[in-house]
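Participant: Contents of coords-v6.txt (compact mmCIF, C-alpha atoms) are given next:
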```txt
# COMPACT_ATOMS: atom_id res chain seq x y z
CA MET A 34 355.61 134.24 193.20
CA HIS A 35 355.04 133.57 196.89
CA THR A 36 355.10 129.94 197.93
CA ALA A 37 353.55 128.23 200.92
CA GLU A 38 357.04 127.81 202.37
CA ASN A 39 358.04 131.46 202.39
CA LEU A 40 354.64 132.45 203.72
CA ASN A 41 355.15 129.91 206.50
CA LEU A 42 351.61 128.59 206.26
CA LYS A 43 350.95 125.45 208.24
CA VAL A 44 348.30 123.00 207.09
CA PRO A 45 345.60 122.77 209.78
CA ASP A 46 343.72 119.57 210.51
CA LEU A 47 339.93 119.45 210.37
CA ASN A 48 339.42 119.99 214.10
CA THR A 49 341.72 123.01 214.05
CA LEU A 50 339.87 124.37 211.03
CA ARG A 51 336.54 124.08 212.81
CA ARG A 52 337.79 125.63 216.04
CA GLY A 53 340.02 128.30 214.53
CA GLY A 54 337.36 130.66 213.22
CA LYS A 55 337.84 133.02 210.30
CA LEU A 56 341.61 133.27 210.62
CA SER A 57 342.15 129.53 210.39
CA LEU A 58 339.83 129.18 207.39
CA SER A 59 341.37 132.17 205.66
CA ARG A 60 344.83 130.67 206.03
CA ALA A 61 343.63 127.28 204.79
CA LEU A 62 342.10 128.87 201.69
CA SER A 63 345.28 130.84 201.04
CA LEU A 64 347.30 127.66 201.25
CA LEU A 65 344.84 125.95 198.93
CA GLU A 66 345.31 128.70 196.34
CA GLN A 67 349.10 128.78 196.59
CA SER A 68 349.95 125.12 197.11
CA PRO A 69 347.06 122.70 196.46
CA GLU A 70 349.27 119.63 196.94
CA LYS A 71 349.98 120.66 200.53
CA SER A 72 346.23 120.89 201.18
CA LEU A 73 345.53 117.33 200.03
CA SER A 74 345.23 115.79 203.50
CA LEU A 75 342.89 118.53 204.71
CA LEU A 76 340.79 118.34 201.54
CA ASN A 77 340.40 114.58 201.99
CA ASP A 78 339.28 114.97 205.60
CA CYS A 79 336.83 117.75 204.74
CA TYR A 80 335.42 115.83 201.77
CA HIS A 81 334.47 112.94 204.05
CA ALA A 82 332.98 115.15 206.79
CA PRO A 83 330.38 117.41 205.16
CA CYS A 84 328.13 119.48 207.43
CA ALA A 85 326.63 122.20 205.26
CA HIS A 86 323.83 122.48 202.78
CA VAL A 87 325.43 124.04 199.68
CA VAL A 88 323.22 126.54 197.84
CA GLY A 89 324.27 127.97 194.47
CA VAL A 90 322.74 131.26 193.32
CA THR A 91 322.99 132.09 189.63
CA GLY A 92 321.45 134.55 187.20
CA PRO A 93 322.36 137.45 184.92
CA PRO A 94 324.28 140.56 186.02
CA GLY A 95 322.11 143.13 187.74
CA VAL A 96 319.46 140.69 188.89
CA GLY A 97 320.32 141.36 192.52
CA LYS A 98 322.21 138.23 193.56
CA SER A 99 324.53 140.06 195.96
CA THR A 100 321.67 141.94 197.61
CA LEU A 101 319.76 138.70 197.91
CA LEU A 102 322.69 136.93 199.57
CA SER A 103 323.30 139.81 201.95
CA GLU A 104 319.74 139.51 203.23
CA LEU A 105 319.92 135.72 203.23
CA ILE A 106 323.03 135.83 205.43
CA LYS A 107 321.12 137.97 207.94
CA VAL A 108 318.17 135.56 207.94
CA TYR A 109 320.37 132.52 208.56
CA ARG A 110 322.45 134.23 211.24
CA ALA A 111 319.29 135.41 213.00
CA GLY A 112 318.21 131.77 213.03
CA GLY A 113 321.50 130.68 214.59
CA ARG A 114 322.98 129.02 211.50
CA THR A 115 326.59 129.61 210.48
CA VAL A 116 327.21 130.73 206.90
CA GLY A 117 330.12 130.45 204.49
CA VAL A 118 329.98 132.44 201.24
CA ILE A 119 331.95 132.05 198.02
CA ALA A 120 331.42 135.05 195.74
CA VAL A 121 332.83 134.62 192.25
CA ASP A 122 333.74 137.98 190.75
CA PRO A 123 334.80 139.18 187.32
CA SER A 124 338.60 139.17 187.03
CA SER A 125 340.55 142.40 187.24
CA LYS A 126 342.35 142.99 183.94
CA ARG A 127 345.21 144.58 185.85
CA SER A 128 345.85 142.04 188.61
CA GLY A 129 343.92 138.98 187.47
CA GLY A 130 342.31 138.83 190.90
CA ALA A 131 338.71 139.33 191.98
CA PHE A 132 337.47 142.71 190.77
CA LEU A 133 335.10 143.26 193.70
CA GLY A 134 336.16 142.87 197.32
CA ASP A 135 334.32 140.99 200.08
CA ARG A 136 333.47 144.18 201.95
CA VAL A 137 332.15 145.88 198.81
CA ARG A 138 329.90 142.99 197.87
CA PHE A 139 328.45 142.14 201.30
CA SER A 140 327.96 144.06 204.51
CA THR A 141 328.71 141.63 207.33
CA ASP A 142 329.97 142.04 210.86
CA PRO A 143 333.74 141.41 210.80
CA GLU A 144 333.57 140.25 214.42
CA ASP A 145 330.91 137.63 213.70
CA GLN A 146 332.74 134.28 213.58
CA GLY A 147 329.58 132.64 212.26
CA VAL A 148 329.84 134.15 208.79
CA PHE A 149 332.77 134.05 206.38
CA VAL A 150 332.94 135.54 202.87
CA ARG A 151 335.55 134.72 200.25
CA SER A 152 335.80 136.37 196.83
CA MET A 153 337.34 134.49 193.92
CA ALA A 154 338.25 135.63 190.43
CA ALA A 155 336.48 133.90 187.54
CA ARG A 156 339.57 134.38 185.34
CA GLU A 157 338.97 132.59 182.03
CA ARG A 158 336.24 130.26 183.26
CA LEU A 159 332.99 130.71 181.30
CA GLY A 160 330.80 128.60 183.55
CA GLY A 161 330.23 131.25 186.18
CA LEU A 162 332.65 129.74 188.72
CA ALA A 163 336.31 130.08 189.67
CA ASP A 164 338.83 127.24 189.25
CA LEU A 165 339.14 126.64 192.99
CA THR A 166 335.45 126.98 193.86
CA ILE A 167 334.90 123.25 194.39
CA ALA A 168 337.93 122.79 196.63
CA ALA A 169 337.02 125.91 198.64
CA MET A 170 333.44 124.67 198.90
CA VAL A 171 334.62 121.32 200.29
CA LEU A 172 336.54 123.14 203.04
CA MET A 173 333.59 125.39 203.91
CA ARG A 174 331.10 122.52 203.69
CA ALA A 175 332.92 120.80 206.55
CA VAL A 176 332.78 123.91 208.76
CA PHE A 177 329.49 125.78 208.30
CA ASP A 178 325.77 125.00 208.40
CA ILE A 179 325.08 126.72 205.07
CA VAL A 180 327.43 127.48 202.18
CA LEU A 181 326.23 130.04 199.64
CA ILE A 182 327.91 130.27 196.23
CA GLU A 183 327.22 133.26 194.00
CA THR A 184 328.24 132.91 190.36
CA VAL A 185 329.86 135.71 188.44
CA GLY A 186 326.81 136.39 186.27
CA VAL A 187 328.34 136.14 182.83
CA GLY A 188 325.25 135.37 180.78
CA GLN A 189 324.19 132.11 179.21
CA SER A 190 327.02 129.81 180.28
CA GLU A 191 326.43 129.56 184.03
CA THR A 192 325.54 125.88 184.30
CA ASP A 193 328.75 124.91 186.18
CA VAL A 194 327.03 125.77 189.46
CA SER A 195 325.01 122.55 189.16
CA GLY A 196 328.28 120.66 189.61
CA VAL A 197 329.04 122.19 193.00
CA ALA A 198 325.73 122.99 194.75
CA ASP A 199 323.15 120.74 196.40
CA THR A 200 320.42 123.25 195.62
CA VAL A 201 320.54 125.64 192.66
CA VAL A 202 318.63 128.94 192.72
CA PHE A 203 318.10 130.73 189.41
CA CYS A 204 317.26 134.44 189.70
CA VAL A 205 315.29 136.44 187.14
CA GLN A 206 314.64 140.17 187.11
CA PRO A 207 311.13 141.35 186.13
CA GLY A 208 310.80 142.91 182.70
CA SER A 209 314.23 141.87 181.48
CA GLY A 210 313.34 138.92 179.26
CA ASP A 211 316.07 136.88 180.99
CA SER A 212 313.82 133.89 181.62
CA LEU A 213 313.29 133.06 177.95
CA GLN A 214 316.91 133.77 177.04
CA PHE A 215 318.19 131.49 179.78
CA MET A 216 315.79 128.72 178.87
CA LYS A 217 317.36 128.66 175.41
CA ALA A 218 320.77 128.23 177.04
CA GLY A 219 319.85 125.06 178.91
CA ILE A 220 319.54 126.82 182.27
CA ALA A 221 316.05 125.32 182.58
CA GLU A 222 317.61 121.97 183.41
CA ILE A 223 319.56 123.05 186.48
CA PRO A 224 317.47 125.09 188.97
CA HIS A 225 315.60 123.62 191.90
CA ILE A 226 314.22 127.02 192.81
CA ALA A 227 313.44 129.78 190.30
CA LEU A 228 313.26 133.17 191.97
CA VAL A 229 311.82 136.37 190.55
CA THR A 230 313.64 139.18 192.34
CA LYS A 231 312.29 142.69 192.91
CA ALA A 232 308.76 141.44 193.54
CA ASP A 233 307.87 144.99 194.62
CA MET A 234 307.48 145.73 190.88
CA GLY A 235 303.99 144.27 191.16
CA LYS A 236 302.34 143.15 187.92
CA THR A 237 305.65 143.11 186.07
CA ALA A 238 307.02 140.63 188.63
CA GLU A 239 303.91 138.45 188.41
CA ARG A 240 304.19 138.43 184.61
CA ALA A 241 307.84 137.36 184.89
CA LYS A 242 306.78 134.58 187.27
CA ALA A 243 304.19 133.35 184.75
CA ASP A 244 306.71 133.48 181.90
CA LEU A 245 309.21 131.57 184.01
CA ARG A 246 306.64 128.92 184.90
CA GLY A 247 305.86 128.42 181.21
CA ALA A 248 309.53 128.22 180.23
CA LEU A 249 310.37 125.75 183.01
CA SER A 250 307.43 123.52 182.12
CA LEU A 251 309.25 122.69 178.88
CA ALA A 252 311.98 121.01 180.91
CA SER A 253 309.78 119.33 183.50
CA ASP A 254 310.98 116.00 184.86
CA GLY A 255 309.12 112.82 185.65
CA PRO A 256 306.75 112.29 188.58
CA ASN A 257 309.57 111.09 190.88
CA GLU A 258 311.68 114.19 190.34
CA TRP A 259 311.75 117.43 192.29
CA ALA A 260 309.15 119.96 191.10
CA VAL A 261 310.91 123.31 190.64
CA LYS A 262 309.60 125.93 193.05
CA ILE A 263 308.85 129.28 191.39
CA LEU A 264 308.81 132.15 193.87
CA THR A 265 308.92 135.94 194.07
CA LEU A 266 310.95 137.93 196.57
CA SER A 267 311.84 141.53 197.32
CA ALA A 268 315.06 142.27 199.18
CA SER A 269 314.18 145.96 199.49
CA ASP A 270 310.80 145.22 201.10
CA LYS A 271 312.16 142.18 203.00
CA THR A 272 309.25 140.09 201.69
CA GLY A 273 309.24 136.50 200.46
CA PHE A 274 312.26 135.34 202.48
CA ASP A 275 310.34 132.95 204.73
CA GLU A 276 308.91 131.09 201.74
CA PHE A 277 312.27 131.16 199.98
CA THR A 278 314.27 129.71 202.89
CA LYS A 279 311.55 127.10 203.48
CA ALA A 280 311.85 126.02 199.82
CA ILE A 281 315.64 125.71 200.22
CA ASP A 282 315.21 123.54 203.31
CA LEU A 283 312.47 121.47 201.64
CA HIS A 284 314.76 120.61 198.75
CA TYR A 285 317.54 119.59 201.13
CA ASP A 286 315.09 117.41 203.09
CA TRP A 287 313.89 115.90 199.80
CA LEU A 288 317.46 115.04 198.80
CA ASN A 289 318.11 113.41 202.16
CA GLY A 290 314.76 111.69 202.27
CA GLN A 291 315.24 110.20 198.83
CA GLY A 292 318.81 109.19 199.63
CA ARG A 293 319.97 111.27 196.68
CA LEU A 294 322.27 113.74 198.37
CA SER A 295 325.32 111.47 198.65
CA ALA A 296 324.77 110.13 195.13
CA GLN A 297 324.50 113.66 193.71
CA ARG A 298 327.66 114.78 195.49
CA LYS A 299 329.50 111.71 194.26
CA ASP A 300 328.44 112.46 190.68
CA GLN A 301 329.65 116.04 191.11
CA ALA A 302 332.99 114.85 192.46
CA ARG A 303 333.40 112.44 189.55
CA GLN A 304 332.63 115.21 187.06
CA TRP A 305 335.14 117.52 188.77
CA LEU A 306 337.77 114.78 188.51
CA LYS A 307 337.13 114.34 184.79
CA GLU A 308 337.32 118.08 184.18
CA ALA A 309 340.57 118.31 186.17
CA ILE A 310 342.12 115.52 184.12
CA ARG A 311 340.94 117.15 180.91
CA GLU A 312 342.55 120.45 181.91
CA LEU A 313 345.82 118.74 182.93
CA TYR A 314 346.18 116.29 180.04
CA GLY A 315 344.06 117.71 177.22
CA LYS A 316 341.20 116.18 175.28
CA GLN A 317 343.00 112.86 174.91
CA GLY A 318 343.69 112.51 178.64
CA LEU A 319 340.52 110.64 179.60
CA SER A 320 340.81 108.28 176.63
CA PHE A 321 344.43 107.53 177.47
CA LEU A 322 343.58 106.77 181.09
CA GLU A 323 340.83 104.37 180.05
CA GLN A 324 343.17 102.60 177.63
CA GLU A 325 345.78 102.28 180.37
CA GLY A 326 343.24 100.88 182.81
CA PHE A 327 343.10 103.79 185.26
CA SER A 328 339.81 103.72 187.14
CA LEU A 329 337.96 106.99 187.82
CA ASP A 330 335.44 105.32 190.12
CA LEU A 331 335.22 106.97 193.52
CA VAL A 332 335.12 104.11 195.99
CA ASP A 333 334.16 104.73 199.61
CA GLY A 334 336.90 106.43 201.57
CA VAL A 335 338.60 108.00 198.53
CA SER A 336 338.12 111.66 197.61
CA PRO A 337 338.44 113.01 194.06
CA PHE A 338 341.46 115.03 195.20
CA GLU A 339 343.22 111.92 196.46
CA LEU A 340 342.39 109.97 193.31
CA LEU A 341 343.69 112.79 191.10
CA SER A 342 346.93 112.82 193.08
CA ARG A 343 347.29 109.05 192.62
CA ILE A 344 346.65 109.32 188.88
CA GLN A 345 349.23 112.08 188.49
CA LYS A 346 351.87 110.04 190.32
CA GLU A 347 351.10 106.87 188.35
CA LEU A 348 351.23 108.73 185.05
CA VAL A 349 354.64 110.13 185.96
CA ILE A 350 355.85 106.61 186.79
CA SER A 351 354.34 105.20 183.58
CA LYS A 352 355.99 107.90 181.51
CA HIS A 353 359.34 107.25 183.20
CA LEU A 354 359.13 103.49 182.55
CA ALA A 355 358.16 104.11 178.93
CA CYS A 356 361.30 106.18 178.47
```
What does the file become when written as structure tokens?
Facilitator:
Amino acid sequence: MHTAENLNLKVPDLNTLRRGGKLSLSRALSLLEQSPEKSLSLLNDCYHAPCAHVVGVTGPPGVGKSTLLSELIKVYRAGGRTVGVIAVDPSSKRSGGAFLGDRVRFSTDPEDQGVFVRSMAARERLGGLADLTIAAMVLMRAVFDIVLIETVGVGQSETDVSGVADTVVFCVQPGSGDSLQFMKAGIAEIPHIALVTKADMGKTAERAKADLRGALSLASDGPNEWAVKILTLSASDKTGFDEFTKAIDLHYDWLNGQGRLSAQRKDQARQWLKEAIRELYGKQGLSFLEQEGFSLDLVDGVSPFELLSRIQKELVISKHLAC
């Protein structure tokens, strides 16, 4: 296996990452995948310097997520906003890598330094995301104006996106019955925007919108919560994008206006930390840490990546002393 040393990859600092364009970001992401411990300093800096609004797009296979994002990239670039994209693909059974390539999934100008697309393999994750999605998002969030994350589209288990995105968009295809199936799976609790794609299907799309409104009403929140926007859009006809992008911006303004954005991101970081510990140390890991007095609270100035590194080092020391 290639290591960061034999690939001679140097860890950039945040300023270099922001000035270096696609090449610098691509190298940083490669280093992150191959040697996460070497990326710790950069991850910490990026975590504390977010710039982007992170938008997660989820929904069943075939609903048109990739087509939607392709058009959305064009809209944002036309408006002068820079865009980072993380596209989570099914894993190749042969290589274990992403089955679809960046160029196959999206048509973007390779010379445009204002848009960057990265494909990641879902591997064995059932939540619609790849293992490194959160770390990659943190890097992109410190560089771009908008970060778009497309989930793999695996069915009824795609709620992980709520742990990485500021705004979650749930897509439904007219006439497919997906809305009711996804409501049963708990998806109703995560979207901030519910989007009926292929609105050019006319009455079928309007019926899907009505069904979706009824299903989402079962999971409605209190009066002080965000009211889910239910919209229709057609990528082929290029209609509905103005209303859609306005709804995305409105939710981001609502988060900032309510002072909830930082709190939501902190909750997401804490949840990522717990999941990382669970994967490293098994089901008993969190209980052991609590018994030993390890704090998982993210105090100001400490990133979840830094805290995880501290915990790993302290556990090694504790184990050594116990022996």
Participant: Between CA of Ser328 in chain A and CA of Arg303 in chain A, what is the spacing in Å?
Facilitator: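 Here the two named atoms are 11.1 Å from each other.
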Participant: Fewer than 3 positions away in the same chain doesn't count, so skip those; otherwise give me all residues within 10 Å of Phe274 in chain A, counting all atoms listed in the file, as a list in words.
Facilitator: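 With the cut-off at 10 Å, the set is Leu101, Glu104, Leu105, Val108, Leu264, Thr265, Leu266, Ser267, Ala268, Lys271, Phe277, Thr278, Lys279 and Ala280 of chain A.
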Participant: Taking all atoms listed in the file into account, which of A:Gln317, A:Thr115, A:Thr200, A:Gln345 comes nearest Val176 in chain A?
Facilitator: A:Thr115
Participant: Pick from A:Gly196, A:Leu329, A:Glu66, A:Cys79: nearest to Ala154 in chain A, with all atoms listed in the file counted?
Facilitator: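 Checking each candidate against Ala154 in chain A, we get A:Glu66 as the closest.
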Participant: Please, what distance in Å, to one decimal, runs between CA of Ser59 in chain A and CA of Asp193 in chain A?
Facilitator: 24.3 Å
Participant: Considering all atoms listed in the file, state which residue in the set A:Glu183, A:Asp270, A:Asp282, A:Asp275 is at the smallest distance from Pro94 in chain A.
Facilitator: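 For Pro94 in chain A, the nearest of the given residues is A:Glu183.
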Participant: Residues around (308.6, 124.2, 193.4), cut-off 12 Å, counting all atoms listed in the file - what are they as a ChimeraX atom specification?
Facilitator: /A:202,224-228,245-246,249-250,253,258-265,276-277,279-284,287
Participant: Using the selection just defined, write its residues with C-alpha atoms as a short mmCIF file (atom, residue, chain, number, x, y, z; two decimals), keeping the file's coordinate frame.
Facilitator:
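Resulting contents of result_29.cif:
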```
data_model
loop_
_atom_site.label_atom_id
_atom_site.label_comp_id
_atom_site.auth_asym_id
_atom_site.auth_seq_id
_atom_site.Cartn_x
_atom_site.Cartn_y
_atom_site.Cartn_z
CA VAL A 202 318.63 128.94 192.72
CA PRO A 224 317.47 125.09 188.97
CA HIS A 225 315.60 123.62 191.90
CA ILE A 226 314.22 127.02 192.81
CA ALA A 227 313.44 129.78 190.30
CA LEU A 228 313.26 133.17 191.97
CA LEU A 245 309.21 131.57 184.01
CA ARG A 246 306.64 128.92 184.90
CA LEU A 249 310.37 125.75 183.01
CA SER A 250 307.43 123.52 182.12
CA SER A 253 309.78 119.33 183.50
CA GLU A 258 311.68 114.19 190.34
CA TRP A 259 311.75 117.43 192.29
CA ALA A 260 309.15 119.96 191.10
CA VAL A 261 310.91 123.31 190.64
CA LYS A 262 309.60 125.93 193.05
CA ILE A 263 308.85 129.28 191.39
CA LEU A 264 308.81 132.15 193.87
CA THR A 265 308.92 135.94 194.07
CA GLU A 276 308.91 131.09 201.74
CA PHE A 277 312.27 131.16 199.98
CA LYS A 279 311.55 127.10 203.48
CA ALA A 280 311.85 126.02 199.82
CA ILE A 281 315.64 125.71 200.22
CA ASP A 282 315.21 123.54 203.31
CA LEU A 283 312.47 121.47 201.64
CA HIS A 284 314.76 120.61 198.75
CA TRP A 287 313.89 115.90 199.80
#
```
Participant: Env of Leu76 in chain A: 10 Å cut, atoms = all atoms listed in the file, seq-sep filter 5 positions within chain, self excluded. Answer as a PyMOL selection string.
Facilitator: chain A and resi 46-47+61+65+69-71+81-82+168-169+171-172+175+336-339
